[in-house]
file final.pdb (PDB, C-alpha atoms)
ATOM      1  CA  MET N   1       0.000   0.000   0.000  1.00  0.00           C
ATOM      2  CA  ARG N   2       1.028   3.561  -0.552  1.00  0.00           C
ATOM      3  CA  GLU N   3       0.621   6.554   1.731  1.00  0.00           C
ATOM      4  CA  GLN N   4      -2.527   7.657  -0.134  1.00  0.00           C
ATOM      5  CA  ASP N   5      -4.088   4.274   0.715  1.00  0.00           C
ATOM      6  CA  PHE N   6      -4.039   5.046   4.439  1.00  0.00           C
ATOM      7  CA  GLU N   7      -7.504   6.651   4.628  1.00  0.00           C
ATOM      8  CA  PRO N   8      -9.299   3.920   2.633  1.00  0.00           C
ATOM      9  CA  PHE N   9      -7.410   1.345   4.705  1.00  0.00           C
ATOM     10  CA  VAL N  10      -8.500   2.975   7.976  1.00  0.00           C
ATOM     11  CA  THR N  11     -12.115   3.032   6.781  1.00  0.00           C
ATOM     12  CA  MET N  12     -11.883  -0.684   5.967  1.00  0.00           C
ATOM     13  CA  LEU N  13     -10.252  -1.444   9.326  1.00  0.00           C
ATOM     14  CA  ASP N  14     -12.896   0.590  11.179  1.00  0.00           C
ATOM     15  CA  ASP N  15     -15.633  -1.345   9.371  1.00  0.00           C
ATOM     16  CA  VAL N  16     -14.086  -4.677  10.363  1.00  0.00           C
ATOM     17  CA  ALA N  17     -13.621  -3.475  13.946  1.00  0.00           C
ATOM     18  CA  SER N  18     -17.227  -2.330  14.083  1.00  0.00           C
ATOM     19  CA  LEU N  19     -18.364  -5.743  12.859  1.00  0.00           C
ATOM     20  CA  LEU N  20     -16.079  -7.974  14.924  1.00  0.00           C
ATOM     21  CA  ASN N  21     -15.030  -5.812  17.867  1.00  0.00           C
ATOM     22  CA  HIS N  22     -18.519  -4.967  19.161  1.00  0.00           C
ATOM     23  CA  GLY N  23     -18.403  -1.466  17.684  1.00  0.00           C
ATOM     24  CA  LYS N  24     -15.109  -0.530  19.336  1.00  0.00           C
ATOM     25  CA  THR N  25     -12.600   1.212  17.107  1.00  0.00           C
ATOM     26  CA  LEU N  26      -8.845   0.948  17.329  1.00  0.00           C
ATOM     27  CA  SER N  27      -6.562   3.718  18.512  1.00  0.00           C
ATOM     28  CA  SER N  28      -4.670   5.812  15.961  1.00  0.00           C
ATOM     29  CA  GLY N  29      -1.460   4.064  16.975  1.00  0.00           C
ATOM     30  CA  HIS N  30      -2.982   0.623  16.433  1.00  0.00           C
ATOM     31  CA  LYS N  31      -4.270   1.661  13.008  1.00  0.00           C
ATOM     32  CA  LEU N  32      -0.829   2.929  12.011  1.00  0.00           C
ATOM     33  CA  MET N  33       0.830  -0.262  13.236  1.00  0.00           C
ATOM     34  CA  PHE N  34      -1.695  -2.361  11.288  1.00  0.00           C
ATOM     35  CA  PHE N  35      -1.007  -0.272   8.165  1.00  0.00           C
ATOM     36  CA  ARG N  36       2.766  -0.617   8.500  1.00  0.00           C
ATOM     37  CA  ALA N  37       2.497  -4.379   9.004  1.00  0.00           C
ATOM     38  CA  LEU N  38       0.459  -4.794   5.810  1.00  0.00           C
ATOM     39  CA  SER N  39       2.067  -2.037   3.721  1.00  0.00           C
ATOM     40  CA  ARG N  40       4.055  -4.330   1.422  1.00  0.00           C
ATOM     41  CA  HIS N  41       0.761  -5.578  -0.053  1.00  0.00           C
ATOM     42  CA  SER N  42      -1.643  -3.737  -2.336  1.00  0.00           C
ATOM     43  CA  LEU N  43      -4.856  -2.297  -0.943  1.00  0.00           C
ATOM     44  CA  GLY N  44      -6.771  -4.849  -3.039  1.00  0.00           C
ATOM     45  CA  ASP N  45      -4.825  -7.738  -1.524  1.00  0.00           C
ATOM     46  CA  VAL N  46      -5.415  -6.362   1.975  1.00  0.00           C
ATOM     47  CA  GLN N  47      -9.139  -6.069   1.227  1.00  0.00           C
ATOM     48  CA  ALA N  48      -9.144  -9.690   0.067  1.00  0.00           C
ATOM     49  CA  GLY N  49      -7.326 -10.646   3.272  1.00  0.00           C
ATOM     50  CA  PHE N  50      -9.950  -8.921   5.419  1.00  0.00           C
ATOM     51  CA  ASP N  51     -12.726 -10.521   3.365  1.00  0.00           C
ATOM     52  CA  GLY N  52     -11.175 -13.938   3.831  1.00  0.00           C
ATOM     53  CA  HIS N  53     -10.809 -13.407   7.562  1.00  0.00           C
ATOM     54  CA  VAL N  54     -14.417 -12.308   7.997  1.00  0.00           C
ATOM     55  CA  LYS N  55     -15.630 -15.351   6.029  1.00  0.00           C
ATOM     56  CA  ASP N  56     -13.521 -17.830   8.022  1.00  0.00           C
ATOM     57  CA  PRO N  57     -15.941 -19.861  10.182  1.00  0.00           C
ATOM     58  CA  GLN N  58     -13.508 -20.052  13.110  1.00  0.00           C
ATOM     59  CA  ARG N  59     -11.269 -16.978  13.034  1.00  0.00           C
ATOM     60  CA  GLY N  60     -13.896 -14.736  11.502  1.00  0.00           C
ATOM     61  CA  ARG N  61     -15.688 -14.467  14.830  1.00  0.00           C
ATOM     62  CA  PHE N  62     -12.814 -12.443  16.304  1.00  0.00           C
ATOM     63  CA  MET N  63     -11.073  -9.163  15.513  1.00  0.00           C
ATOM     64  CA  PRO N  64      -7.998  -9.921  13.402  1.00  0.00           C
ATOM     65  CA  VAL N  65      -4.441  -8.933  14.129  1.00  0.00           C
ATOM     66  CA  PRO N  66      -2.087  -8.134  11.234  1.00  0.00           C
ATOM     67  CA  ALA N  67      -0.737 -11.705  11.201  1.00  0.00           C
ATOM     68  CA  ASP N  68      -4.276 -13.004  10.537  1.00  0.00           C
ATOM     69  CA  ILE N  69      -4.597 -10.809   7.450  1.00  0.00           C
ATOM     70  CA  LEU N  70      -1.086 -11.697   6.255  1.00  0.00           C
ATOM     71  CA  SER N  71      -1.992 -15.371   6.595  1.00  0.00           C
ATOM     72  CA  GLN N  72      -5.087 -14.837   4.467  1.00  0.00           C
ATOM     73  CA  ILE N  73      -3.106 -12.937   1.806  1.00  0.00           C
ATOM     74  CA  GLU N  74      -0.421 -15.619   1.675  1.00  0.00           C
ATOM     75  CA  GLY N  75      -3.085 -18.309   1.455  1.00  0.00           C
ATOM     76  CA  LEU N  76      -4.702 -16.543  -1.494  1.00  0.00           C
ATOM     77  CA  ALA N  77      -1.341 -16.247  -3.238  1.00  0.00           C
ATOM     78  CA  ALA N  78      -0.635 -19.951  -2.721  1.00  0.00           C
ATOM     79  CA  ASP N  79      -4.027 -20.851  -4.185  1.00  0.00           C
ATOM     80  CA  ASP N  80      -3.773 -18.744  -7.333  1.00  0.00           C
ATOM     81  CA  GLY N  81      -4.680 -21.531  -9.733  1.00  0.00           C
ATOM     82  CA  ARG N  82      -1.173 -22.201 -10.965  1.00  0.00           C
ATOM     83  CA  PRO N  83       0.211 -25.721 -10.680  1.00  0.00           C
ATOM     84  CA  ALA N  84       2.226 -26.250  -7.533  1.00  0.00           C
ATOM     85  CA  ARG N  85       5.963 -26.126  -7.911  1.00  0.00           C
ATOM     86  CA  GLN N  86       7.531 -29.497  -7.267  1.00  0.00           C
ATOM     87  CA  LYS N  87      10.289 -29.633  -4.686  1.00  0.00           C
ATOM     88  CA  ASP N  88      13.485 -31.401  -5.670  1.00  0.00           C
TER
END

call {"tool": "encode", "arguments": {"input": "final.pdb", "output": "structure tokens"}}
result
Amino acid sequence: MREQDFEPFVTMLDDVASLLNHGKTLSSGHKLMFFRALSRHSLGDVQAGFDGHVKDPQRGRFMPVPADILSQIEGLAADDGRPARQKD
């Protein structure tokens, strides 16, 4: 994500927090830390990560931490439809 993605990201994070955190929002510092942790990914990938988390029958009942979203993003990348690379 780029610096200009911060506001849309915060809106997305606030929406997830409202849904899964009983309406409680995160502090500004927590939002910035979340953004920094996910910043190497595109806003679209982060959105897909949040979507995947919310849809998860087990984890989706709880507010995610950055590692939960990273796990979702990495899972999506691993399941991109390409044949798996064989290990030697």

call {"tool": "closest_residue", "arguments": {"input": "final.pdb", "among": "N:Asn21, N:Asp14, N:His30, N:Glu74", "to": "Ala48 in chain N", "atoms": "all atoms listed in the file"}}
result
N:Glu74

call {"tool": "closest_residue", "arguments": {"input": "final.pdb", "among": "N:Leu32, N:Ala37, N:Leu13, N:Leu20", "to": "Pro66 in chain N", "atoms": "all atoms listed in the file"}}
result
N:Ala37

call {"tool": "residues_around", "arguments": {"input": "final.pdb", "residues": "Gln4 in chain N", "least_positions_apart": "6", "cutoff": "12 Å", "atoms": "only C-alpha atoms", "output": "PyMOL selection string"}}
result
chain N and resi 10+35+39+42-43

call {"tool": "write_last_selection", "arguments": {"input": "final.pdb", "atoms": "C-alpha atoms", "output": "tab-separated table (two decimals), in the frame of the given file"}}
result
chain	number	residue	atom	x	y	z
N	10	VAL	CA	-8.50	2.98	7.98
N	35	PHE	CA	-1.01	-0.27	8.16
N	39	SER	CA	2.07	-2.04	3.72
N	42	SER	CA	-1.64	-3.74	-2.34
N	43	LEU	CA	-4.86	-2.30	-0.94

call {"tool": "atom_distance", "arguments": {"input": "final.pdb", "atom1": "CA of Arg40 in chain N", "atom2": "CA of Pro64 in chain N"}}
result
17.9 Å

call {"tool": "residues_around", "arguments": {"input": "final.pdb", "residues": "Asp45 in chain N", "least_positions_apart": "5", "cutoff": "9 Å", "atoms": "all atoms listed in the file", "output": "JSON, numbers by chain"}}
result
{"N": [50, 73, 76]}

call {"tool": "closest_residue", "arguments": {"input": "final.pdb", "among": "N:Val65, N:Met33, N:Leu38, N:Val16", "to": "Arg2 in chain N", "atoms": "all atoms listed in the file"}}
result
N:Leu38

call {"tool": "atom_distance", "arguments": {"input": "final.pdb", "atom1": "CA of Thr25 in chain N", "atom2": "CA of Leu70 in chain N"}}
result
20.4 Å

call {"tool": "atom_distance", "arguments": {"input": "final.pdb", "atom1": "CA of Glu7 in chain N", "atom2": "CA of Arg59 in chain N"}}
result
25.4 Å

call {"tool": "decode", "arguments": {"input": "final.pdb", "residues": "range 16-49 of chain N", "atoms": "N, CA, C and O atoms", "output": "mmCIF file, in the first residue's frame"}}
result
data_model
loop_
_atom_site.group_PDB
_atom_site.id
_atom_site.type_symbol
_atom_site.label_atom_id
_atom_site.label_comp_id
_atom_site.auth_asym_id
_atom_site.auth_seq_id
_atom_site.Cartn_x
_atom_site.Cartn_y
_atom_site.Cartn_z
ATOM 1 N N VAL N 16 -14.318 -3.339 9.810
ATOM 2 C CA VAL N 16 -14.086 -4.677 10.363
ATOM 3 C C VAL N 16 -14.171 -4.636 11.882
ATOM 4 O O VAL N 16 -14.790 -5.500 12.506
ATOM 5 N N ALA N 17 -13.575 -3.603 12.486
ATOM 6 C CA ALA N 17 -13.621 -3.475 13.946
ATOM 7 C C ALA N 17 -15.055 -3.304 14.425
ATOM 8 O O ALA N 17 -15.458 -3.886 15.432
ATOM 9 N N SER N 18 -15.832 -2.534 13.709
ATOM 10 C CA SER N 18 -17.227 -2.330 14.083
ATOM 11 C C SER N 18 -17.998 -3.646 14.026
ATOM 12 O O SER N 18 -18.831 -3.929 14.886
ATOM 13 N N LEU N 19 -17.687 -4.458 13.037
ATOM 14 C CA LEU N 19 -18.364 -5.743 12.859
ATOM 15 C C LEU N 19 -17.923 -6.782 13.895
ATOM 16 O O LEU N 19 -18.758 -7.462 14.488
ATOM 17 N N LEU N 20 -16.614 -6.877 14.115
ATOM 18 C CA LEU N 20 -16.079 -7.974 14.924
ATOM 19 C C LEU N 20 -15.627 -7.571 16.329
ATOM 20 O O LEU N 20 -15.315 -8.445 17.135
ATOM 21 N N ASN N 21 -15.556 -6.288 16.590
ATOM 22 C CA ASN N 21 -15.030 -5.812 17.867
ATOM 23 C C ASN N 21 -16.117 -5.102 18.661
ATOM 24 O O ASN N 21 -15.827 -4.168 19.417
ATOM 25 N N HIS N 22 -17.364 -5.504 18.431
ATOM 26 C CA HIS N 22 -18.519 -4.967 19.161
ATOM 27 C C HIS N 22 -18.592 -3.436 19.091
ATOM 28 O O HIS N 22 -18.889 -2.777 20.074
ATOM 29 N N GLY N 23 -18.286 -2.897 17.915
ATOM 30 C CA GLY N 23 -18.403 -1.466 17.684
ATOM 31 C C GLY N 23 -17.239 -0.643 18.187
ATOM 32 O O GLY N 23 -17.208 0.565 17.985
ATOM 33 N N LYS N 24 -16.269 -1.263 18.823
ATOM 34 C CA LYS N 24 -15.109 -0.530 19.336
ATOM 35 C C LYS N 24 -14.121 -0.306 18.203
ATOM 36 O O LYS N 24 -13.830 -1.211 17.433
ATOM 37 N N THR N 25 -13.610 0.911 18.117
ATOM 38 C CA THR N 25 -12.600 1.212 17.107
ATOM 39 C C THR N 25 -11.215 1.096 17.726
ATOM 40 O O THR N 25 -11.057 1.067 18.944
ATOM 41 N N LEU N 26 -10.227 1.043 16.886
ATOM 42 C CA LEU N 26 -8.845 0.948 17.329
ATOM 43 C C LEU N 26 -8.261 2.341 17.518
ATOM 44 O O LEU N 26 -8.711 3.305 16.886
ATOM 45 N N SER N 27 -7.239 2.437 18.322
ATOM 46 C CA SER N 27 -6.562 3.718 18.512
ATOM 47 C C SER N 27 -5.813 4.100 17.239
ATOM 48 O O SER N 27 -5.544 3.243 16.376
ATOM 49 N N SER N 28 -5.440 5.351 17.126
ATOM 50 C CA SER N 28 -4.670 5.812 15.961
ATOM 51 C C SER N 28 -3.355 5.063 15.854
ATOM 52 O O SER N 28 -2.921 4.714 14.752
ATOM 53 N N GLY N 29 -2.719 4.803 16.986
ATOM 54 C CA GLY N 29 -1.460 4.064 16.975
ATOM 55 C C GLY N 29 -1.632 2.639 16.487
ATOM 56 O O GLY N 29 -0.793 2.128 15.727
ATOM 57 N N HIS N 30 -2.718 1.989 16.895
ATOM 58 C CA HIS N 30 -2.982 0.623 16.433
ATOM 59 C C HIS N 30 -3.242 0.603 14.927
ATOM 60 O O HIS N 30 -2.782 -0.303 14.224
ATOM 61 N N LYS N 31 -3.979 1.591 14.445
ATOM 62 C CA LYS N 31 -4.270 1.661 13.008
ATOM 63 C C LYS N 31 -2.985 1.837 12.210
ATOM 64 O O LYS N 31 -2.789 1.193 11.174
ATOM 65 N N LEU N 32 -2.096 2.703 12.703
ATOM 66 C CA LEU N 32 -0.829 2.929 12.011
ATOM 67 C C LEU N 32 0.034 1.673 12.022
ATOM 68 O O LEU N 32 0.642 1.305 11.017
ATOM 69 N N MET N 33 0.055 0.971 13.146
ATOM 70 C CA MET N 33 0.830 -0.262 13.236
ATOM 71 C C MET N 33 0.281 -1.322 12.278
ATOM 72 O O MET N 33 1.044 -2.015 11.595
ATOM 73 N N PHE N 34 -1.040 -1.436 12.214
ATOM 74 C CA PHE N 34 -1.695 -2.361 11.288
ATOM 75 C C PHE N 34 -1.289 -2.017 9.853
ATOM 76 O O PHE N 34 -0.917 -2.902 9.074
ATOM 77 N N PHE N 35 -1.345 -0.724 9.516
ATOM 78 C CA PHE N 35 -1.007 -0.272 8.165
ATOM 79 C C PHE N 35 0.442 -0.618 7.829
ATOM 80 O O PHE N 35 0.727 -1.150 6.755
ATOM 81 N N ARG N 36 1.348 -0.328 8.749
ATOM 82 C CA ARG N 36 2.766 -0.617 8.500
ATOM 83 C C ARG N 36 2.995 -2.115 8.311
ATOM 84 O O ARG N 36 3.780 -2.526 7.459
ATOM 85 N N ALA N 37 2.317 -2.927 9.091
ATOM 86 C CA ALA N 37 2.497 -4.379 9.004
ATOM 87 C C ALA N 37 2.024 -4.941 7.664
ATOM 88 O O ALA N 37 2.569 -5.941 7.184
ATOM 89 N N LEU N 38 1.037 -4.297 7.070
ATOM 90 C CA LEU N 38 0.459 -4.794 5.810
ATOM 91 C C LEU N 38 0.910 -4.006 4.591
ATOM 92 O O LEU N 38 0.495 -4.311 3.472
ATOM 93 N N SER N 39 1.763 -3.004 4.777
ATOM 94 C CA SER N 39 2.067 -2.037 3.721
ATOM 95 C C SER N 39 2.760 -2.622 2.496
ATOM 96 O O SER N 39 2.691 -2.029 1.426
ATOM 97 N N ARG N 40 3.378 -3.777 2.609
ATOM 98 C CA ARG N 40 4.055 -4.330 1.422
ATOM 99 C C ARG N 40 3.069 -4.935 0.418
ATOM 100 O O ARG N 40 3.442 -5.315 -0.682
ATOM 101 N N HIS N 41 1.802 -5.020 0.811
ATOM 102 C CA HIS N 41 0.761 -5.578 -0.053
ATOM 103 C C HIS N 41 -0.112 -4.462 -0.611
ATOM 104 O O HIS N 41 -0.239 -3.397 -0.015
ATOM 105 N N SER N 42 -0.748 -4.726 -1.731
ATOM 106 C CA SER N 42 -1.643 -3.737 -2.336
ATOM 107 C C SER N 42 -2.916 -3.618 -1.498
ATOM 108 O O SER N 42 -3.273 -4.530 -0.747
ATOM 109 N N LEU N 43 -3.599 -2.499 -1.650
ATOM 110 C CA LEU N 43 -4.856 -2.297 -0.943
ATOM 111 C C LEU N 43 -5.868 -3.380 -1.326
ATOM 112 O O LEU N 43 -6.601 -3.883 -0.479
ATOM 113 N N GLY N 44 -5.873 -3.785 -2.579
ATOM 114 C CA GLY N 44 -6.771 -4.849 -3.039
ATOM 115 C C GLY N 44 -6.477 -6.181 -2.366
ATOM 116 O O GLY N 44 -7.398 -6.907 -1.977
ATOM 117 N N ASP N 45 -5.195 -6.500 -2.208
ATOM 118 C CA ASP N 45 -4.825 -7.738 -1.524
ATOM 119 C C ASP N 45 -5.219 -7.687 -0.050
ATOM 120 O O ASP N 45 -5.670 -8.688 0.513
ATOM 121 N N VAL N 46 -5.042 -6.524 0.565
ATOM 122 C CA VAL N 46 -5.415 -6.362 1.975
ATOM 123 C C VAL N 46 -6.925 -6.507 2.130
ATOM 124 O O VAL N 46 -7.407 -7.175 3.050
ATOM 125 N N GLN N 47 -7.682 -5.922 1.198
ATOM 126 C CA GLN N 47 -9.139 -6.069 1.227
ATOM 127 C C GLN N 47 -9.520 -7.542 1.120
ATOM 128 O O GLN N 47 -10.375 -8.030 1.862
ATOM 129 N N ALA N 48 -8.874 -8.259 0.214
ATOM 130 C CA ALA N 48 -9.144 -9.690 0.067
ATOM 131 C C ALA N 48 -8.778 -10.443 1.342
ATOM 132 O O ALA N 48 -9.478 -11.388 1.733
ATOM 133 N N GLY N 49 -7.716 -10.025 2.011
ATOM 134 C CA GLY N 49 -7.326 -10.646 3.272
ATOM 135 C C GLY N 49 -8.364 -10.429 4.358
ATOM 136 O O GLY N 49 -8.707 -11.355 5.096
#
